[in-house]
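A quick write-up on the structure given underneath.
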Amino acid sequence: MSTTFQLDTATSRANPTPAPMKRLTVPAIKERKAGGTTEQPLVMLTAYTARQAQLLDEHCDLLLVGDSLGQVIYGLPSSLQVTLEMMCAHGAAVVRGSYQSVVVVDMPFGTYETSPAHAFASASRIMAETGCAAVKLEGGAQMAETIAFLVARGIPVMAHVGLTPQAVNVLGGYNARGRSQQEHEKIVADGLAVEAAGAFAVVIEGVVEPIAIALTKSLEIPTIGIGASAQCDGQVLVTEDMLGMFERVPRFVKRYGNLAETIAAAAGTYAGEVRARSFPGADQTYQPRKPKT
Ligand code: KIV
């Protein structure tokens with residue numbers, strides 16, 4: 001799949017058409033951390049659609065097609081109901097809409113846990129159907145064998161430790177992890193295990209800060225924090241959260257926009273104009289051509 005094509009503006013709403021450019025690679029992302037430090041922190045945001053990817057691409061190093069799309073796009077109660085078909089469809093859209101970021105697609109719950117071979121079947125389908133560069137899966141030491149299996153067969157893996165949302169029913173909620181010494185040690189061991197297994201980067205989600213700092217210091221691969229620490233080698237947020245699309249967001253989210261208000265205000269103005277019959281106006285209305293004389 002081409003990653004440097006130009007969109008045909010006659011058939012697409014893309015505007016402006018992005019210029020072809022070379023896409024970042026997984027090794028380039030990994031190499032951004034050298035000698036234990038990342039001079040330029042890695043920027044990652046979630047993307048679920050082609051247009052969103054077009055808008056985010058030039059600002060990001062990585063775009064994550066997260067299984068958070070279950071809640072954000074589909075209104076599902078958690079990510080557990082997300083399917084491989086959903087991830088493939090949205091992953092392909094994000095690859096089509098991006099030109100420079102490394103696109104990582106989440107492996108949905110139930111598609112990788114039973115065996116490394118099962119994980120390979122699911123991950124290879126995601127890679128083939130989307131054109132993405134890597135997959136992400138949740139879990140630490142217990143997924144190490146699977147991560148090694150995938151990497152050895154050509155599938156770059158981003159790991160995800162700490163608060164792992166697919167395990168919400170085991171964890172009992174989405175609260176920050178690692179408050180007990182035992183859990184602290186378990187999460188650090190998970191980080192070390194996924195690095196040893198060959199993951200090229202690891203998302204650290206929802207942990208008390210000392211865990212994120214300890215892992216960032218001890219791992220050679222980049223750590224990407226969400227609700228973790230500014231000391232991580234990079235950060236990720238759910239784009240709709242940081243754009244202010246939802247009334248309630250977790251404490252670790254900072255709002256960089258207020259899109260919900262903008263959309264509601266625009267819809268309200270449109271509705272008022274439709275009801276007042278002032279939309280469409282003359283500018284938006286076609287008239288018959290004047291006959292040539
Ligand atoms: O699904 C997702 O969006 C994620 C991020 C929150 C890291 O996994």
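Residue numbering restarts at 1 for every chain of the structure tokens, chains are lettered A, B, ... in their displayed order, and ligands are numbered from 1 as they appear.
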Find the residues near ligand 1. Use a cut-off of 10 Å, count only C-alpha atoms and all ligand atoms, and write them as a PyMOL selection string.
chain A and resi 44-48+64-72+79+105-108+136-138+159-161+163-166+202-206+224-227+235-239
Write out as a PyMOL selection string the residues lying within 9 Å of Asn258 (chain A), counting only C-alpha atoms and excluding same-chain residues fewer than 4 positions away.
chain A and resi 242-245+262-263
Export of the given selection (N, CA and C atoms) as a tab-separated table (two decimals), in the first residue's frame:
```
chain	number	residue	atom	x	y	z
A	242	MET	N	-8.90	15.78	24.24
A	242	MET	CA	-8.14	17.03	24.34
A	242	MET	C	-8.80	18.15	23.52
A	243	LEU	N	-9.69	17.77	22.59
A	243	LEU	CA	-10.40	18.79	21.82
A	243	LEU	C	-11.65	19.29	22.53
A	244	GLY	N	-11.97	18.70	23.67
A	244	GLY	CA	-13.15	19.15	24.42
A	244	GLY	C	-14.45	18.68	23.80
A	245	MET	N	-14.48	17.43	23.31
A	245	MET	CA	-15.71	16.88	22.73
A	245	MET	C	-16.63	16.29	23.80
A	262	THR	N	-18.42	24.47	20.03
A	262	THR	CA	-18.39	25.00	18.65
A	262	THR	C	-19.42	24.28	17.78
A	263	ILE	N	-19.47	22.93	17.92
A	263	ILE	CA	-20.40	22.14	17.10
A	263	ILE	C	-21.84	22.44	17.48
```
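Among A:Gly140, A:Val151, A:Ala201, A:Ser229, the residue with the shortest atom-to-atom distance to Val188 (chain A), counting only C-alpha atoms, is A:Gly140.
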Neighbour list for Glu195 (chain A) as a ChimeraX atom specification, cut-off 8 Å, only C-alpha atoms, skip fewer than 4 positions in-chain:
/A:191,199-202,219-221
Leaving out Ala133 (chain A) and any residue of its chain fewer than 2 positions from it, which residues lie within 12 Å of it when counting only C-alpha atoms, given as a tab-separated table (two decimals) with all heavy atoms, in the first residue's frame?
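out_5.tsv, freshly written:
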```tsv
chain	number	residue	atom	x	y	z
A	1	MET	N	0.83	-1.20	0.00
A	1	MET	CA	0.00	0.00	0.00
A	1	MET	C	0.87	1.25	0.00
A	1	MET	O	1.78	1.36	0.78
A	1	MET	CB	-0.89	-0.01	1.24
A	1	MET	CG	-1.76	1.21	1.35
A	1	MET	SD	-2.99	1.07	2.64
A	1	MET	CE	-3.83	-0.43	2.19
A	3	THR	N	2.14	4.87	0.73
A	3	THR	CA	1.96	5.79	1.85
A	3	THR	C	2.32	7.20	1.46
A	3	THR	O	2.40	8.08	2.28
A	3	THR	CB	2.85	5.34	3.03
A	3	THR	OG1	4.18	5.24	2.55
A	3	THR	CG2	2.39	4.04	3.62
A	23	ARG	N	7.30	8.74	5.05
A	23	ARG	CA	6.71	8.41	6.35
A	23	ARG	C	7.80	8.00	7.33
A	23	ARG	O	8.77	7.35	6.94
A	23	ARG	CB	5.70	7.27	6.17
A	23	ARG	CG	4.73	7.13	7.32
A	23	ARG	CD	3.84	5.94	7.11
A	23	ARG	NE	2.72	6.16	6.21
A	23	ARG	CZ	1.54	6.69	6.58
A	23	ARG	NH1	1.36	7.07	7.81
A	23	ARG	NH2	0.56	6.81	5.71
A	24	LEU	N	7.65	8.41	8.60
A	24	LEU	CA	8.56	7.94	9.65
A	24	LEU	C	8.47	6.42	9.75
A	24	LEU	O	7.45	5.82	9.37
A	24	LEU	CB	8.14	8.53	11.00
A	24	LEU	CG	8.57	9.96	11.30
A	24	LEU	CD1	7.81	10.49	12.50
A	24	LEU	CD2	10.07	9.96	11.60
A	25	THR	N	9.49	5.80	10.31
A	25	THR	CA	9.48	4.34	10.45
A	25	THR	C	9.54	3.95	11.92
A	25	THR	O	9.92	4.76	12.78
A	25	THR	CB	10.71	3.73	9.74
A	25	THR	OG1	11.88	4.21	10.40
A	25	THR	CG2	10.75	4.08	8.26
A	26	VAL	N	9.21	2.70	12.17
A	26	VAL	CA	9.29	2.18	13.54
A	26	VAL	C	10.73	2.28	14.10
A	26	VAL	O	10.92	2.77	15.22
A	26	VAL	CB	8.74	0.74	13.60
A	26	VAL	CG1	9.13	0.03	14.89
A	26	VAL	CG2	7.22	0.76	13.44
A	27	PRO	N	11.77	1.86	13.34
A	27	PRO	CA	13.12	2.03	13.87
A	27	PRO	C	13.46	3.49	14.17
A	27	PRO	O	14.14	3.78	15.17
A	27	PRO	CB	14.02	1.47	12.76
A	27	PRO	CG	13.15	0.51	12.02
A	27	PRO	CD	11.77	1.09	12.07
A	28	ALA	N	12.97	4.42	13.35
A	28	ALA	CA	13.25	5.84	13.61
A	28	ALA	C	12.62	6.29	14.92
A	28	ALA	O	13.20	7.09	15.67
A	28	ALA	CB	12.75	6.70	12.45
A	29	ILE	N	11.44	5.77	15.21
A	29	ILE	CA	10.77	6.11	16.48
A	29	ILE	C	11.59	5.56	17.65
A	29	ILE	O	11.86	6.25	18.63
A	29	ILE	CB	9.34	5.52	16.51
A	29	ILE	CG1	8.45	6.18	15.45
A	29	ILE	CG2	8.72	5.63	17.92
A	29	ILE	CD1	8.14	7.64	15.67
A	62	LEU	N	3.41	9.78	15.81
A	62	LEU	CA	2.64	8.53	15.73
A	62	LEU	C	1.15	8.85	15.82
A	62	LEU	O	0.74	9.73	16.59
A	62	LEU	CB	2.98	7.60	16.91
A	62	LEU	CG	4.43	7.16	17.04
A	62	LEU	CD1	4.98	7.59	18.40
A	62	LEU	CD2	4.56	5.65	16.90
A	63	LEU	N	0.35	8.14	15.02
A	63	LEU	CA	-1.10	8.20	15.16
A	63	LEU	C	-1.55	6.83	15.65
A	63	LEU	O	-1.17	5.81	15.09
A	63	LEU	CB	-1.77	8.52	13.82
A	63	LEU	CG	-1.53	9.93	13.27
A	63	LEU	CD1	-2.13	10.07	11.87
A	63	LEU	CD2	-2.11	10.99	14.21
A	64	LEU	N	-2.34	6.84	16.71
A	64	LEU	CA	-2.83	5.58	17.28
A	64	LEU	C	-4.31	5.40	16.93
A	64	LEU	O	-5.14	6.24	17.31
A	64	LEU	CB	-2.67	5.58	18.81
A	64	LEU	CG	-3.32	4.40	19.53
A	64	LEU	CD1	-2.65	3.08	19.15
A	64	LEU	CD2	-3.29	4.60	21.04
A	65	VAL	N	-4.59	4.32	16.21
A	65	VAL	CA	-5.99	3.96	15.99
A	65	VAL	C	-6.36	3.12	17.21
A	65	VAL	O	-6.18	1.90	17.23
A	65	VAL	CB	-6.17	3.19	14.66
A	65	VAL	CG1	-7.65	2.99	14.36
A	65	VAL	CG2	-5.47	3.94	13.52
A	91	GLY	N	-8.45	1.75	10.80
A	91	GLY	CA	-7.00	1.77	10.57
A	91	GLY	C	-6.69	2.13	9.12
A	91	GLY	O	-5.80	2.94	8.84
A	92	ALA	N	-7.42	1.53	8.18
A	92	ALA	CA	-7.18	1.82	6.76
A	92	ALA	C	-7.49	3.29	6.46
A	92	ALA	O	-6.77	3.94	5.69
A	92	ALA	CB	-8.04	0.90	5.89
A	94	VAL	N	-7.22	5.84	8.49
A	94	VAL	CA	-6.17	6.69	9.06
A	94	VAL	C	-4.89	6.60	8.23
A	94	VAL	O	-4.22	7.61	7.99
A	94	VAL	CB	-5.94	6.32	10.55
A	94	VAL	CG1	-4.68	6.98	11.10
A	94	VAL	CG2	-7.15	6.72	11.37
A	95	VAL	N	-4.58	5.41	7.74
A	95	VAL	CA	-3.40	5.29	6.86
A	95	VAL	C	-3.62	6.10	5.58
A	95	VAL	O	-2.73	6.82	5.13
A	95	VAL	CB	-3.10	3.80	6.55
A	95	VAL	CG1	-2.03	3.68	5.46
A	95	VAL	CG2	-2.64	3.08	7.81
A	100	GLN	N	3.00	11.15	7.12
A	100	GLN	CA	4.31	11.13	7.75
A	100	GLN	C	4.33	10.38	9.08
A	100	GLN	O	5.36	9.85	9.47
A	100	GLN	CB	4.86	12.55	7.90
A	100	GLN	CG	4.17	13.39	8.95
A	100	GLN	CD	5.10	13.73	10.09
A	100	GLN	OE1	6.33	13.59	9.95
A	100	GLN	NE2	4.55	14.15	11.21
A	101	SER	N	3.22	10.29	9.77
A	101	SER	CA	3.23	9.63	11.08
A	101	SER	C	3.27	8.12	10.94
A	101	SER	O	2.75	7.55	9.97
A	101	SER	CB	1.97	9.98	11.87
A	101	SER	OG	1.83	11.36	11.99
A	102	VAL	N	3.86	7.48	11.94
A	102	VAL	CA	3.77	6.02	12.05
A	102	VAL	C	2.37	5.69	12.58
A	102	VAL	O	1.97	6.20	13.63
A	102	VAL	CB	4.86	5.49	13.02
A	102	VAL	CG1	4.60	4.04	13.40
A	102	VAL	CG2	6.24	5.64	12.40
A	103	VAL	N	1.63	4.88	11.84
A	103	VAL	CA	0.28	4.54	12.28
A	103	VAL	C	0.32	3.20	13.02
A	103	VAL	O	0.82	2.19	12.51
A	103	VAL	CB	-0.71	4.46	11.09
A	103	VAL	CG1	-2.10	4.03	11.56
A	103	VAL	CG2	-0.78	5.80	10.37
A	104	VAL	N	-0.19	3.23	14.26
A	104	VAL	CA	-0.24	2.04	15.11
A	104	VAL	C	-1.71	1.70	15.34
A	104	VAL	O	-2.50	2.58	15.67
A	104	VAL	CB	0.44	2.32	16.47
A	104	VAL	CG1	0.42	1.09	17.36
A	104	VAL	CG2	1.88	2.81	16.27
A	105	VAL	N	-2.07	0.43	15.16
A	105	VAL	CA	-3.47	0.03	15.33
A	105	VAL	C	-3.58	-0.91	16.54
A	105	VAL	O	-2.82	-1.87	16.67
A	105	VAL	CB	-4.01	-0.67	14.05
A	105	VAL	CG1	-5.44	-1.15	14.26
A	105	VAL	CG2	-3.95	0.29	12.86
A	106	ASP	N	-4.55	-0.61	17.40
A	106	ASP	CA	-4.78	-1.45	18.58
A	106	ASP	C	-5.34	-2.82	18.19
A	106	ASP	O	-6.21	-2.92	17.32
A	106	ASP	CB	-5.82	-0.79	19.49
A	106	ASP	CG	-5.20	-0.11	20.69
A	106	ASP	OD1	-4.03	-0.39	21.01
A	106	ASP	OD2	-5.90	0.72	21.31
A	123	ALA	N	-3.00	-9.96	14.00
A	123	ALA	CA	-2.11	-8.82	13.71
A	123	ALA	C	-1.77	-8.75	12.23
A	123	ALA	O	-1.71	-7.66	11.65
A	123	ALA	CB	-0.84	-8.93	14.55
A	124	SER	N	-1.55	-9.91	11.60
A	124	SER	CA	-1.19	-9.89	10.18
A	124	SER	C	-2.38	-9.41	9.35
A	124	SER	O	-2.21	-8.71	8.35
A	124	SER	CB	-0.71	-11.26	9.71
A	124	SER	OG	-1.69	-12.24	9.94
A	126	ILE	N	-4.61	-7.20	10.43
A	126	ILE	CA	-4.63	-5.74	10.64
A	126	ILE	C	-3.60	-5.06	9.75
A	126	ILE	O	-3.88	-4.08	9.06
A	126	ILE	CB	-4.36	-5.40	12.14
A	126	ILE	CG1	-5.54	-5.82	13.01
A	126	ILE	CG2	-4.09	-3.90	12.31
A	126	ILE	CD1	-5.30	-5.67	14.51
A	127	MET	N	-2.37	-5.63	9.73
A	127	MET	CA	-1.30	-5.02	8.92
A	127	MET	C	-1.68	-5.04	7.43
A	127	MET	O	-1.49	-4.05	6.72
A	127	MET	CB	0.01	-5.78	9.11
A	127	MET	CG	0.53	-5.88	10.53
A	127	MET	SD	1.47	-4.49	11.13
A	127	MET	CE	2.90	-4.48	10.10
A	128	ALA	N	-2.18	-6.19	6.96
A	128	ALA	CA	-2.47	-6.33	5.52
A	128	ALA	C	-3.65	-5.45	5.11
A	128	ALA	O	-3.63	-4.83	4.05
A	128	ALA	CB	-2.76	-7.79	5.20
A	129	GLU	N	-4.69	-5.39	5.95
A	129	GLU	CA	-5.90	-4.66	5.54
A	129	GLU	C	-5.80	-3.15	5.74
A	129	GLU	O	-6.55	-2.40	5.14
A	129	GLU	CB	-7.13	-5.21	6.29
A	129	GLU	CG	-7.51	-6.60	5.82
A	129	GLU	CD	-8.84	-7.08	6.37
A	129	GLU	OE1	-9.65	-6.27	6.85
A	129	GLU	OE2	-9.05	-8.31	6.33
A	130	THR	N	-4.89	-2.71	6.61
A	130	THR	CA	-4.82	-1.27	6.89
A	130	THR	C	-3.59	-0.60	6.29
A	130	THR	O	-3.61	0.59	6.00
A	130	THR	CB	-4.80	-0.98	8.41
A	130	THR	OG1	-3.56	-1.46	8.96
A	130	THR	CG2	-5.96	-1.64	9.12
A	131	GLY	N	-2.49	-1.34	6.15
A	131	GLY	CA	-1.23	-0.70	5.74
A	131	GLY	C	-0.53	-0.01	6.90
A	131	GLY	O	0.41	0.76	6.69
A	135	VAL	N	1.31	-2.78	15.50
A	135	VAL	CA	0.11	-3.00	16.31
A	135	VAL	C	0.44	-2.69	17.77
A	135	VAL	O	1.61	-2.69	18.16
A	135	VAL	CB	-0.44	-4.44	16.18
A	135	VAL	CG1	-0.88	-4.74	14.76
A	135	VAL	CG2	0.58	-5.46	16.67
A	136	LYS	N	-0.60	-2.43	18.54
A	136	LYS	CA	-0.43	-2.26	19.99
A	136	LYS	C	-1.28	-3.30	20.69
A	136	LYS	O	-2.42	-3.57	20.27
A	136	LYS	CB	-0.83	-0.85	20.44
A	136	LYS	CG	-0.73	-0.66	21.96
A	136	LYS	CD	-0.79	0.79	22.37
A	136	LYS	CE	-2.17	1.39	22.43
A	136	LYS	NZ	-3.10	0.72	23.36
A	154	GLY	N	7.93	-10.32	11.87
A	154	GLY	CA	7.80	-9.10	11.06
A	154	GLY	C	6.73	-8.13	11.49
A	154	GLY	O	6.37	-7.23	10.72
A	155	ILE	N	6.21	-8.28	12.69
A	155	ILE	CA	5.15	-7.36	13.15
A	155	ILE	C	5.66	-6.53	14.32
A	155	ILE	O	5.80	-7.03	15.44
A	155	ILE	CB	3.88	-8.14	13.53
A	155	ILE	CG1	3.37	-8.89	12.30
A	155	ILE	CG2	2.81	-7.18	14.08
A	155	ILE	CD1	2.09	-9.64	12.49
A	156	PRO	N	5.95	-5.24	14.09
A	156	PRO	CA	6.37	-4.39	15.20
A	156	PRO	C	5.25	-4.23	16.22
A	156	PRO	O	4.08	-4.05	15.85
A	156	PRO	CB	6.69	-3.05	14.52
A	156	PRO	CG	6.85	-3.35	13.07
A	156	PRO	CD	5.95	-4.51	12.80
A	157	VAL	N	5.64	-4.31	17.50
A	157	VAL	CA	4.63	-4.25	18.57
A	157	VAL	C	4.93	-3.10	19.53
A	157	VAL	O	6.05	-2.99	20.04
A	157	VAL	CB	4.58	-5.58	19.37
A	157	VAL	CG1	3.57	-5.48	20.51
A	157	VAL	CG2	4.24	-6.74	18.45
A	158	MET	N	3.91	-2.29	19.76
A	158	MET	CA	3.93	-1.32	20.86
A	158	MET	C	3.19	-1.98	22.01
A	158	MET	O	2.07	-2.47	21.83
A	158	MET	CB	3.23	-0.03	20.43
A	158	MET	CG	3.11	1.01	21.52
A	158	MET	SD	2.35	2.53	20.92
A	158	MET	CE	3.71	3.31	20.09
A	200	PHE	N	8.87	-2.18	20.51
A	200	PHE	CA	9.69	-1.02	20.12
A	200	PHE	C	9.37	0.21	20.94
A	200	PHE	O	10.14	1.20	20.92
A	200	PHE	CB	9.53	-0.71	18.61
A	200	PHE	CG	8.22	-0.07	18.22
A	200	PHE	CD1	8.08	1.30	18.15
A	200	PHE	CD2	7.12	-0.86	17.92
A	200	PHE	CE1	6.87	1.90	17.79
A	200	PHE	CE2	5.90	-0.28	17.55
A	200	PHE	CZ	5.79	1.09	17.49
```
Can you pull out every residue from region 87-197 of chain A that DSSP, working from the backbone, puts in strand (DSSP E or B), and format the result as a count of residues only?
18
With only C-alpha atoms as the basis for distance, which of A:Thr216, A:Ser278, A:Thr293, A:Gln284 is at the shortest distance from Gly36 (chain A)?
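Of A:Thr216, A:Ser278, A:Thr293, A:Gln284, the one nearest Gly36 (chain A) is A:Thr216, counting only C-alpha atoms.
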Could you give me, as number ranges by chain, each residue of region 98-270 of chain A that DSSP assigns to alpha helix (DSSP H) when run on this structure's backbone?
A: 116-130, 144-152, 168-171, 181-197, 209-218, 239-242, 259-270
